[in-house]
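One file, query.pdb, carrying PDB, C-alpha atoms:
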```pdb
ATOM      1  CA  MET A   1      95.342  99.386  84.910
ATOM      2  CA  ILE A   2      94.347 100.891  88.273
ATOM      3  CA  ALA A   3      92.862 104.269  87.377
ATOM      4  CA  ARG A   4      91.436 107.314  89.105
ATOM      5  CA  HIS A   5      87.757 107.318  90.050
ATOM      6  CA  ALA A   6      85.657 109.535  87.802
ATOM      7  CA  SER A   7      84.694 111.659  90.808
ATOM      8  CA  GLY A   8      88.343 112.493  91.582
ATOM      9  CA  PRO A   9      90.037 112.433  94.989
ATOM     10  CA  ARG A  10      87.808 111.588  97.977
ATOM     11  CA  ARG A  11      87.943 109.925 101.385
ATOM     12  CA  GLY A  12      88.035 106.244 100.496
ATOM     13  CA  ASN A  13      87.135 103.083 102.372
ATOM     14  CA  VAL A  14      89.935 100.618 103.189
ATOM     15  CA  VAL A  15      89.670  97.275 104.977
ATOM     16  CA  VAL A  16      92.969  95.767 106.131
ATOM     17  CA  VAL A  17      92.999  92.035 106.817
ATOM     18  CA  GLY A  18      96.116  91.031 108.661
ATOM     19  CA  SER A  19      98.325  90.542 111.671
ATOM     20  CA  ALA A  20      98.790  92.468 114.899
ATOM     21  CA  ASN A  21     101.900  91.965 117.038
ATOM     22  CA  VAL A  22     103.530  93.539 120.013
ATOM     23  CA  ASP A  23     107.075  94.503 118.954
ATOM     24  CA  LEU A  24     109.949  93.799 121.342
ATOM     25  CA  VAL A  25     112.804  95.928 119.989
ATOM     26  CA  VAL A  26     116.483  96.091 120.951
ATOM     27  CA  ASP A  27     119.098  98.396 119.412
ATOM     28  CA  VAL A  28     122.274  96.452 118.556
ATOM     29  CA  PRO A  29     125.738  97.491 117.321
ATOM     30  CA  ARG A  30     125.259  94.891 114.558
ATOM     31  CA  HIS A  31     122.969  91.935 113.924
ATOM     32  CA  PRO A  32     124.326  88.739 115.521
ATOM     33  CA  GLY A  33     125.486  85.770 113.474
ATOM     34  CA  GLY A  34     124.622  82.143 114.097
ATOM     35  CA  GLY A  35     125.513  81.018 117.610
ATOM     36  CA  GLU A  36     126.636  84.521 118.601
ATOM     37  CA  THR A  37     125.540  86.576 121.605
ATOM     38  CA  ILE A  38     125.936  90.351 121.632
ATOM     39  CA  LEU A  39     124.908  93.078 124.062
ATOM     40  CA  GLY A  40     122.173  95.454 123.009
ATOM     41  CA  GLY A  41     120.432  98.518 124.359
ATOM     42  CA  ASP A  42     117.247  98.839 126.389
ATOM     43  CA  LEU A  43     114.198  96.781 125.433
ATOM     44  CA  ARG A  44     111.348  98.746 123.855
ATOM     45  CA  ARG A  45     107.790  97.396 123.684
ATOM     46  CA  SER A  46     105.468  98.911 121.102
ATOM     47  CA  PRO A  47     102.442  98.068 118.921
ATOM     48  CA  GLY A  48     103.213  96.497 115.539
ATOM     49  CA  GLY A  49     102.340  93.690 113.128
ATOM     50  CA  LYS A  50     102.169  94.202 109.376
ATOM     51  CA  GLY A  51      98.369  94.321 109.231
ATOM     52  CA  ALA A  52      97.889  96.647 112.191
ATOM     53  CA  ASN A  53     100.748  98.876 111.014
ATOM     54  CA  GLN A  54      99.171  99.209 107.580
ATOM     55  CA  ALA A  55      95.756  99.949 109.069
ATOM     56  CA  VAL A  56      97.235 102.719 111.238
ATOM     57  CA  ALA A  57      99.012 104.140 108.195
ATOM     58  CA  ALA A  58      95.886 104.056 106.011
ATOM     59  CA  ALA A  59      93.885 105.900 108.679
ATOM     60  CA  ARG A  60      96.426 108.315 110.197
ATOM     61  CA  ALA A  61      98.735 109.081 107.281
ATOM     62  CA  GLY A  62      96.359 108.263 104.435
ATOM     63  CA  GLY A  63      93.155 109.736 105.845
ATOM     64  CA  ALA A  64      91.001 106.803 104.741
ATOM     65  CA  ASP A  65      87.978 105.359 106.526
ATOM     66  CA  THR A  66      89.833 102.249 107.709
ATOM     67  CA  SER A  67      88.699  98.996 109.325
ATOM     68  CA  PHE A  68      90.982  96.284 110.644
ATOM     69  CA  VAL A  69      90.150  92.575 110.522
ATOM     70  CA  GLY A  70      92.438  90.673 112.876
ATOM     71  CA  ALA A  71      92.713  88.667 116.094
ATOM     72  CA  LEU A  72      94.223  89.425 119.504
ATOM     73  CA  GLY A  73      94.679  87.458 122.704
ATOM     74  CA  HIS A  74      93.047  88.245 126.041
ATOM     75  CA  ASP A  75      96.248  89.789 127.337
ATOM     76  CA  GLU A  76      98.022  93.086 127.994
ATOM     77  CA  SER A  77      99.572  93.038 124.523
ATOM     78  CA  GLY A  78      96.109  92.853 122.979
ATOM     79  CA  GLU A  79      95.014  95.903 124.968
ATOM     80  CA  LEU A  80      98.109  97.803 123.830
ATOM     81  CA  LEU A  81      97.326  97.081 120.177
ATOM     82  CA  LEU A  82      93.640  97.969 120.471
ATOM     83  CA  ALA A  83      94.550 101.290 122.067
ATOM     84  CA  SER A  84      96.991 102.094 119.263
ATOM     85  CA  LEU A  85      94.507 101.207 116.515
ATOM     86  CA  ASP A  86      91.703 103.154 118.170
ATOM     87  CA  GLY A  87      93.995 106.127 118.729
ATOM     88  CA  ALA A  88      94.824 106.250 115.016
ATOM     89  CA  GLY A  89      91.144 106.295 114.073
ATOM     90  CA  VAL A  90      90.981 102.683 112.865
ATOM     91  CA  ARG A  91      87.638 100.904 113.293
ATOM     92  CA  THR A  92      88.320  97.892 115.540
ATOM     93  CA  ASP A  93      84.853  96.385 115.967
ATOM     94  CA  LEU A  94      85.859  93.498 113.661
ATOM     95  CA  VAL A  95      88.904  92.531 115.754
ATOM     96  CA  GLU A  96      88.255  89.262 117.580
ATOM     97  CA  ARG A  97      89.736  88.195 120.930
ATOM     98  CA  VAL A  98      90.818  84.554 120.911
ATOM     99  CA  GLU A  99      92.247  81.940 123.277
ATOM    100  CA  ALA A 100      95.834  82.390 122.115
ATOM    101  CA  PRO A 101      98.541  84.891 123.055
ATOM    102  CA  THR A 102      98.738  88.067 121.006
ATOM    103  CA  GLY A 103     101.359  87.835 118.259
ATOM    104  CA  THR A 104     104.883  88.920 119.153
ATOM    105  CA  ALA A 105     107.747  90.194 116.976
ATOM    106  CA  LEU A 106     111.360  90.069 118.176
ATOM    107  CA  ILE A 107     113.285  92.874 116.458
ATOM    108  CA  THR A 108     116.906  93.991 116.460
ATOM    109  CA  VAL A 109     117.813  97.381 114.976
ATOM    110  CA  SER A 110     121.363  98.253 113.865
ATOM    111  CA  PRO A 111     122.844 101.806 113.897
ATOM    112  CA  ASP A 112     122.011 102.334 110.207
ATOM    113  CA  GLY A 113     118.322 101.723 110.961
ATOM    114  CA  GLU A 114     118.156  98.269 109.359
ATOM    115  CA  ASN A 115     116.182  95.630 111.249
ATOM    116  CA  ALA A 116     115.985  91.865 111.591
ATOM    117  CA  ILE A 117     112.657  90.367 112.705
ATOM    118  CA  VAL A 118     111.336  87.033 113.982
ATOM    119  CA  VAL A 119     107.564  86.710 114.460
ATOM    120  CA  ALA A 120     105.652  84.342 116.784
ATOM    121  CA  PRO A 121     102.152  84.472 115.175
ATOM    122  CA  GLY A 122     100.009  83.534 118.199
ATOM    123  CA  ALA A 123      96.496  84.920 117.744
ATOM    124  CA  ASN A 124      97.236  85.844 114.132
ATOM    125  CA  SER A 125      96.772  82.186 113.214
ATOM    126  CA  HIS A 126      93.120  82.542 114.267
ATOM    127  CA  VAL A 127      92.040  85.460 112.047
ATOM    128  CA  ARG A 128      88.796  84.594 110.243
ATOM    129  CA  ILE A 129      86.235  86.098 107.883
ATOM    130  CA  GLY A 130      82.855  85.860 109.590
ATOM    131  CA  THR A 131      79.538  87.449 108.638
ATOM    132  CA  ALA A 132      80.355  90.896 110.035
ATOM    133  CA  GLN A 133      83.822  90.913 108.455
ATOM    134  CA  ALA A 134      82.397  89.847 105.091
ATOM    135  CA  GLU A 135      79.833  92.651 105.160
ATOM    136  CA  ARG A 136      82.489  95.315 105.803
ATOM    137  CA  LEU A 137      84.789  93.847 103.165
ATOM    138  CA  GLY A 138      81.923  93.968 100.684
ATOM    139  CA  ALA A 139      81.742  97.759 101.085
ATOM    140  CA  ALA A 140      85.477  98.477 100.742
ATOM    141  CA  ASP A 141      87.139 100.365  97.892
ATOM    142  CA  VAL A 142      90.459  98.657  98.657
ATOM    143  CA  VAL A 143      91.102  95.412 100.537
ATOM    144  CA  LEU A 144      94.706  95.187 101.744
ATOM    145  CA  ALA A 145      96.281  91.977 103.060
ATOM    146  CA  GLN A 146      99.691  90.510 103.911
ATOM    147  CA  LEU A 147     101.106  87.034 104.616
ATOM    148  CA  GLU A 148     101.488  87.021 108.414
ATOM    149  CA  ILE A 149      98.035  85.389 108.563
ATOM    150  CA  PRO A 150      96.804  82.121 106.987
ATOM    151  CA  LEU A 151      96.513  82.313 103.203
ATOM    152  CA  ASP A 152      92.997  80.886 103.231
ATOM    153  CA  VAL A 153      91.876  83.974 105.190
ATOM    154  CA  VAL A 154      93.225  86.227 102.434
ATOM    155  CA  LEU A 155      91.390  84.128  99.837
ATOM    156  CA  ALA A 156      88.188  84.327 101.881
ATOM    157  CA  ALA A 157      88.498  88.122 102.031
ATOM    158  CA  ALA A 158      89.026  88.246  98.271
ATOM    159  CA  ALA A 159      85.917  86.157  97.684
ATOM    160  CA  VAL A 160      83.566  88.613  99.415
ATOM    161  CA  ARG A 161      84.884  91.916  98.060
ATOM    162  CA  ARG A 162      82.586  93.856  95.760
ATOM    163  CA  PRO A 163      83.100  94.067  91.977
ATOM    164  CA  GLY A 164      85.496  96.894  91.177
ATOM    165  CA  ALA A 165      87.185  96.882  94.575
ATOM    166  CA  VAL A 166      90.969  96.550  94.518
ATOM    167  CA  LEU A 167      92.554  93.564  96.237
ATOM    168  CA  ALA A 168      96.110  94.529  97.142
ATOM    169  CA  LEU A 169      98.514  91.988  98.600
ATOM    170  CA  ASN A 170     101.757  92.901 100.312
ATOM    171  CA  ALA A 171     103.396  89.497  99.809
ATOM    172  CA  ALA A 172     105.458  89.558 103.001
ATOM    173  CA  PRO A 173     106.875  87.511 104.584
ATOM    174  CA  SER A 174     107.929  85.941 101.300
ATOM    175  CA  ARG A 175     106.309  82.634 100.311
ATOM    176  CA  ASP A 176     105.028  80.864  97.219
ATOM    177  CA  LEU A 177     101.527  81.866  96.149
ATOM    178  CA  PRO A 178      99.065  79.288  94.802
ATOM    179  CA  ASP A 179      97.336  79.798  91.449
ATOM    180  CA  GLU A 180      94.052  80.685  93.155
ATOM    181  CA  MET A 181      95.742  83.628  94.883
ATOM    182  CA  TRP A 182      97.260  84.988  91.680
ATOM    183  CA  ALA A 183      93.863  84.690  90.004
ATOM    184  CA  VAL A 184      92.154  87.149  92.367
ATOM    185  CA  LEU A 185      94.919  89.728  92.853
ATOM    186  CA  ASP A 186      94.632  93.245  91.409
ATOM    187  CA  LEU A 187      97.826  94.674  92.888
ATOM    188  CA  LEU A 188     100.990  93.083  94.264
ATOM    189  CA  VAL A 189     103.321  95.084  96.525
ATOM    190  CA  VAL A 190     106.739  93.518  97.181
ATOM    191  CA  ASN A 191     110.322  94.481  97.885
ATOM    192  CA  GLU A 192     113.193  93.386  95.636
ATOM    193  CA  HIS A 193     113.812  90.138  97.526
ATOM    194  CA  GLU A 194     110.135  89.179  97.488
ATOM    195  CA  ALA A 195     109.889  90.048  93.781
ATOM    196  CA  LEU A 196     112.827  87.752  93.052
ATOM    197  CA  ASP A 197     111.298  84.951  95.131
ATOM    198  CA  LEU A 198     107.952  85.201  93.342
ATOM    199  CA  ALA A 199     109.506  85.451  89.874
ATOM    200  CA  GLY A 200     111.337  82.245  90.785
ATOM    201  CA  ALA A 201     111.682  79.689  88.028
ATOM    202  CA  ALA A 202     110.113  82.099  85.542
ATOM    203  CA  SER A 203     113.290  84.188  85.745
ATOM    204  CA  ALA A 204     115.972  83.036  83.310
ATOM    205  CA  ALA A 205     118.811  84.810  85.153
ATOM    206  CA  ALA A 206     117.420  85.309  88.630
ATOM    207  CA  ALA A 207     120.298  87.006  90.443
ATOM    208  CA  ASP A 208     121.126  89.231  87.470
ATOM    209  CA  ASP A 209     117.601  90.387  86.703
ATOM    210  CA  THR A 210     116.809  94.078  86.871
ATOM    211  CA  VAL A 211     113.831  95.243  88.903
ATOM    212  CA  GLU A 212     112.062  96.118  85.652
ATOM    213  CA  ARG A 213     112.597  92.593  84.337
ATOM    214  CA  LEU A 214     111.251  91.060  87.553
ATOM    215  CA  ALA A 215     108.206  93.325  87.396
ATOM    216  CA  MET A 216     107.511  92.268  83.805
ATOM    217  CA  ILE A 217     107.620  88.616  84.863
ATOM    218  CA  LEU A 218     105.171  89.282  87.679
ATOM    219  CA  LEU A 219     102.845  91.220  85.357
ATOM    220  CA  GLU A 220     102.226  87.963  83.546
ATOM    221  CA  ARG A 221     100.294  86.876  86.638
ATOM    222  CA  VAL A 222      98.911  90.095  88.171
ATOM    223  CA  PRO A 223      97.629  93.329  86.560
ATOM    224  CA  ALA A 224      99.792  95.732  88.584
ATOM    225  CA  VAL A 225     102.979  95.522  90.656
ATOM    226  CA  VAL A 226     104.765  97.951  92.952
ATOM    227  CA  VAL A 227     108.325  96.961  93.872
ATOM    228  CA  THR A 228     109.634  98.944  96.829
ATOM    229  CA  LEU A 229     113.332  99.840  96.734
ATOM    230  CA  GLY A 230     114.009 101.277 100.189
ATOM    231  CA  GLY A 231     115.738 104.637 100.009
ATOM    232  CA  ALA A 232     115.663 104.476  96.201
ATOM    233  CA  GLY A 233     111.854 104.723  96.101
ATOM    234  CA  CYS A 234     109.814 102.209  94.129
ATOM    235  CA  LEU A 235     108.962 100.898  90.683
ATOM    236  CA  VAL A 236     105.347 100.987  89.493
ATOM    237  CA  ALA A 237     104.467  98.535  86.706
ATOM    238  CA  GLN A 238     101.059  98.034  85.106
ATOM    239  CA  ARG A 239      99.895  96.059  82.130
ATOM    240  CA  GLY A 240      99.634  98.237  79.047
ATOM    241  CA  ALA A 241     101.912 100.982  80.400
ATOM    242  CA  ASP A 242     105.624 101.665  80.684
ATOM    243  CA  PRO A 243     107.093 101.071  84.159
ATOM    244  CA  VAL A 244     107.616 104.221  86.225
ATOM    245  CA  ARG A 245     110.368 104.824  88.784
ATOM    246  CA  VAL A 246     109.181 106.865  91.762
ATOM    247  CA  ALA A 247     111.996 108.451  93.776
ATOM    248  CA  ALA A 248     111.956 108.673  97.565
ATOM    249  CA  PRO A 249     113.070 111.850  99.359
ATOM    250  CA  ARG A 250     116.426 111.742 101.127
ATOM    251  CA  VAL A 251     116.172 111.454 104.907
ATOM    252  CA  ASP A 252     118.368 110.352 107.809
ATOM    253  CA  ALA A 253     117.069 106.901 108.762
ATOM    254  CA  VAL A 254     116.651 106.126 112.456
ATOM    255  CA  ASP A 255     114.606 102.903 112.276
ATOM    256  CA  THR A 256     113.222 101.194 109.162
ATOM    257  CA  THR A 257     110.796  99.016 111.165
ATOM    258  CA  GLY A 258     107.318  99.503 109.716
ATOM    259  CA  ALA A 259     108.384 101.852 106.909
ATOM    260  CA  GLY A 260     107.209  99.412 104.247
ATOM    261  CA  ASP A 261     103.920  99.026 106.103
ATOM    262  CA  THR A 262     103.469 102.796 106.178
ATOM    263  CA  PHE A 263     104.038 102.789 102.414
ATOM    264  CA  CYS A 264     101.448 100.047 101.863
ATOM    265  CA  GLY A 265      98.790 101.624 104.074
ATOM    266  CA  VAL A 266      99.115 105.051 102.480
ATOM    267  CA  LEU A 267      99.189 103.496  99.006
ATOM    268  CA  ALA A 268      95.887 101.735  99.740
ATOM    269  CA  ALA A 269      94.337 104.889 101.186
ATOM    270  CA  ALA A 270      95.357 106.992  98.186
ATOM    271  CA  LEU A 271      93.954 104.414  95.761
ATOM    272  CA  ALA A 272      90.714 104.267  97.740
ATOM    273  CA  GLY A 273      90.556 108.052  97.556
ATOM    274  CA  GLY A 274      90.815 108.055  93.764
ATOM    275  CA  SER A 275      94.518 108.484  93.005
ATOM    276  CA  THR A 276      96.201 106.719  90.121
ATOM    277  CA  LEU A 277      98.679 104.031  91.122
ATOM    278  CA  VAL A 278     101.685 106.216  90.257
ATOM    279  CA  ASP A 279     100.356 109.188  92.231
ATOM    280  CA  ALA A 280      99.471 106.904  95.140
ATOM    281  CA  ALA A 281     103.014 105.501  95.114
ATOM    282  CA  ARG A 282     104.459 109.030  95.240
ATOM    283  CA  THR A 283     102.385 109.922  98.287
ATOM    284  CA  ALA A 284     103.247 106.606  99.926
ATOM    285  CA  SER A 285     106.964 107.213  99.323
ATOM    286  CA  PHE A 286     106.839 110.494 101.228
ATOM    287  CA  ALA A 287     104.981 108.826 104.103
ATOM    288  CA  GLY A 288     107.439 105.937 104.236
ATOM    289  CA  ALA A 289     110.394 108.315 104.224
ATOM    290  CA  LEU A 290     108.970 110.228 107.179
ATOM    291  CA  ALA A 291     108.395 106.976 109.072
ATOM    292  CA  VAL A 292     112.078 105.957 108.982
ATOM    293  CA  THR A 293     113.094 109.191 110.728
ATOM    294  CA  ARG A 294     111.366 107.985 113.905
ATOM    295  CA  PRO A 295     111.722 104.851 116.060
ATOM    296  CA  GLY A 296     109.034 102.185 116.167
ATOM    297  CA  ALA A 297     106.378 100.966 113.765
ATOM    298  CA  GLN A 298     102.928 102.406 114.493
ATOM    299  CA  ASP A 299     104.467 105.097 116.687
ATOM    300  CA  ALA A 300     106.481 106.291 113.674
ATOM    301  CA  VAL A 301     103.521 106.671 111.282
ATOM    302  CA  PRO A 302     103.105 110.363 110.370
ATOM    303  CA  THR A 303      99.818 112.233 110.131
ATOM    304  CA  ALA A 304      98.212 113.108 106.823
ATOM    305  CA  ASP A 305      99.059 116.781 107.381
ATOM    306  CA  GLU A 306     102.720 115.901 107.972
ATOM    307  CA  VAL A 307     102.820 113.903 104.745
ATOM    308  CA  THR A 308     101.218 116.753 102.792
ATOM    309  CA  THR A 309     103.627 119.331 104.236
ATOM    310  CA  PHE A 310     106.617 117.109 103.540
ATOM    311  CA  ALA A 311     105.513 116.433  99.965
ATOM    312  CA  HIS A 312     104.560 120.052  99.258
ATOM    313  CA  PRO A 313     106.618 122.355 101.493
ATOM    314  CA  GLU A 314     105.775 126.036 101.654
ATOM    315  CA  PRO A 315     108.206 128.133  99.576
ATOM    316  CA  GLN A 316     110.764 129.972 101.691
ATOM    317  CA  PRO A 317     110.587 133.793 101.571
TER     318      PRO A 317
END
```

Would you mind writing the file out in structure tokens?
Amino acid sequence: MIARHASGPRRGNVVVVGSANVDLVVDVPRHPGGGETILGGDLRRSPGGKGANQAVAAARAGGADTSFVGALGHDESGELLLASLDGAGVRTDLVERVEAPTGTALITVSPDGENAIVVAPGANSHVRIGTAQAERLGAADVVLAQLEIPLDVVLAAAAVRRPGAVLALNAAPSRDLPDEMWAVLDLLVVNEHEALDLAGAASAAAADDTVERLAMILLERVPAVVVTLGGAGCLVAQRGADPVRVAAPRVDAVDTTGAGDTFCGVLAAALAGGSTLVDAARTASFAGALAVTRPGAQDAVPTADEVTTFAHPEPQP
């Protein structure tokens, strides 16, 4: 079970290993079907990528000492992403510039805020764990990774983390995980679709399984699981404890792009700061809810003060 540090809440140390993309976003009346062309709104260009989004969230909304391990091209998109990371207080000295274009995400957003995304990885395929990256990872309280980078990079990051550090994987985009990945994971963060994919053949009635049932299947392979449920909050499941449903506050969604990444980054920051997994999930749910009320990914990440005020509003006179 992921438990609170004996010293209580503190400013923790998070290292995010992951992708960085420039997001090309178009508002659409609805997502197009196969072979269909529809007219959309104006094109927006903004910093994104699951790894970079989560690093911004851990630093800005979570208040953690955050480093980002990633790769960018020698292009304008790379400069845009570096500026966004630096502006959020993320340490970027471990970001490498490579001879490949910076990753790009093509995103359509419907009126209800739901998005559809296609990613061209580019430089993200060249992320590596060198000597400097390994040293920083070895000092982290929480190492957070996703699956928009090669899996062997995630395994390399896991291999150099210190004893007692939490390795958290946001298993997105969905894909099968090898046994060696399951063996090193401390925490798995997935949405309902990803949970179903990973439960796979282990699920006796896949489409009819409850979230709790899927979480129990996954707990056979990893000590702790958080299943995000969009506007319904999340489910926190840990070995040796009853699963806990964490509600999300009601908000009017504008754009869900990056909301899950905000959740993951704040979750990691709260764990690094000493919160229990359930308390960390509550804080992350408030941060994620705030993020969907604004357009964009990194641009939508709230500050730590905004999250605190939203979670604990002052009583009205």

Exercise. Find, counting all atoms listed in the file, the residue in A:Ala168, A:Cys264, A:Leu43, A:Ala241 that gets nearest to A:Leu188.
Key: A:Ala168

Quiz prompt | Among the residues A:Val246, A:Ala157, A:Ala20, A:Val109, the one that comes closest to A:Asn124 [using all atoms listed in the file] | solution = A:Ala20

Quiz item: Out of A:Leu81, A:Ala300, A:Val166, A:Ala259, which residue has the shortest atom-to-atom distance to A:Thr102 when counting all atoms listed in the file?
Solution: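 Of A:Leu81, A:Ala300, A:Val166, A:Ala259, the one nearest A:Thr102 is A:Leu81, counting all atoms listed in the file.
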
Quiz item: What gap, in Å, lies between atom CA of A:Val301 and atom CA of A:Gly63?
Solution: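 Computing it gives 12.1 Å between the two atoms.
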
Quiz item: Which value, in Å to one decimal, gives the distance between atom CA of A:Ala71 and atom CA of A:Thr92?
Solution: 10.2 Å

Quiz item: Interatomic distance between atom CA of A:Gly62 and atom CA of A:Ala269?
Solution: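 Going from atom CA of A:Gly62 over to atom CA of A:Ala269, I get 5.1 Å.
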
Quiz item: Hey, what comes out of the PyMOL selection byres ((chain A and resi 229-231) around 7) on this file? Could you write it as a VMD selection string?
Solution: chain A and resid 191 to 192 227 to 228 232 to 234 248

Exercise. Just the residues within 7 Å of A:His74, please, counting all atoms listed in the file, with nothing from its chain fewer than 5 positions along; format it as a VMD selection string.
Key: chain A and resid 97 to 99

Exercise. Determine, counting only C-alpha atoms, which protein, DNA and RNA residues have an atom within 12 Å of an atom of stretch 162-165 of chain A; residues of the same chain fewer than 3 positions away are not included. Present the result as a PyMOL selection string.
Key: chain A and resi 1-3+5+12-15+134-144+157-159+168+184-187+268+271-272+274

For the residues selected in the previous step, produce a file with C-alpha atoms as a PDB file, in the coordinates of the input.
```pdb
ATOM      1  CA  MET A   1      95.342  99.386  84.910  1.00  0.00           C
ATOM      2  CA  ILE A   2      94.347 100.891  88.273  1.00  0.00           C
ATOM      3  CA  ALA A   3      92.862 104.269  87.377  1.00  0.00           C
ATOM      4  CA  HIS A   5      87.757 107.318  90.050  1.00  0.00           C
ATOM      5  CA  GLY A  12      88.035 106.244 100.496  1.00  0.00           C
ATOM      6  CA  ASN A  13      87.135 103.083 102.372  1.00  0.00           C
ATOM      7  CA  VAL A  14      89.935 100.618 103.189  1.00  0.00           C
ATOM      8  CA  VAL A  15      89.670  97.275 104.977  1.00  0.00           C
ATOM      9  CA  ALA A 134      82.397  89.847 105.091  1.00  0.00           C
ATOM     10  CA  GLU A 135      79.833  92.651 105.160  1.00  0.00           C
ATOM     11  CA  ARG A 136      82.489  95.315 105.803  1.00  0.00           C
ATOM     12  CA  LEU A 137      84.789  93.847 103.165  1.00  0.00           C
ATOM     13  CA  GLY A 138      81.923  93.968 100.684  1.00  0.00           C
ATOM     14  CA  ALA A 139      81.742  97.759 101.085  1.00  0.00           C
ATOM     15  CA  ALA A 140      85.477  98.477 100.742  1.00  0.00           C
ATOM     16  CA  ASP A 141      87.139 100.365  97.892  1.00  0.00           C
ATOM     17  CA  VAL A 142      90.459  98.657  98.657  1.00  0.00           C
ATOM     18  CA  VAL A 143      91.102  95.412 100.537  1.00  0.00           C
ATOM     19  CA  LEU A 144      94.706  95.187 101.744  1.00  0.00           C
ATOM     20  CA  ALA A 157      88.498  88.122 102.031  1.00  0.00           C
ATOM     21  CA  ALA A 158      89.026  88.246  98.271  1.00  0.00           C
ATOM     22  CA  ALA A 159      85.917  86.157  97.684  1.00  0.00           C
ATOM     23  CA  ALA A 168      96.110  94.529  97.142  1.00  0.00           C
ATOM     24  CA  VAL A 184      92.154  87.149  92.367  1.00  0.00           C
ATOM     25  CA  LEU A 185      94.919  89.728  92.853  1.00  0.00           C
ATOM     26  CA  ASP A 186      94.632  93.245  91.409  1.00  0.00           C
ATOM     27  CA  LEU A 187      97.826  94.674  92.888  1.00  0.00           C
ATOM     28  CA  ALA A 268      95.887 101.735  99.740  1.00  0.00           C
ATOM     29  CA  LEU A 271      93.954 104.414  95.761  1.00  0.00           C
ATOM     30  CA  ALA A 272      90.714 104.267  97.740  1.00  0.00           C
ATOM     31  CA  GLY A 274      90.815 108.055  93.764  1.00  0.00           C
TER      32      GLY A 274
END
```

Self-check item: Residue among A:Pro173, A:Pro47, A:Pro150, A:Pro302 lying closest to A:Asp23, counting all atoms listed in the file
Solution: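 Looking only at the distances to A:Asp23, the closest residue turns out to be A:Pro47.
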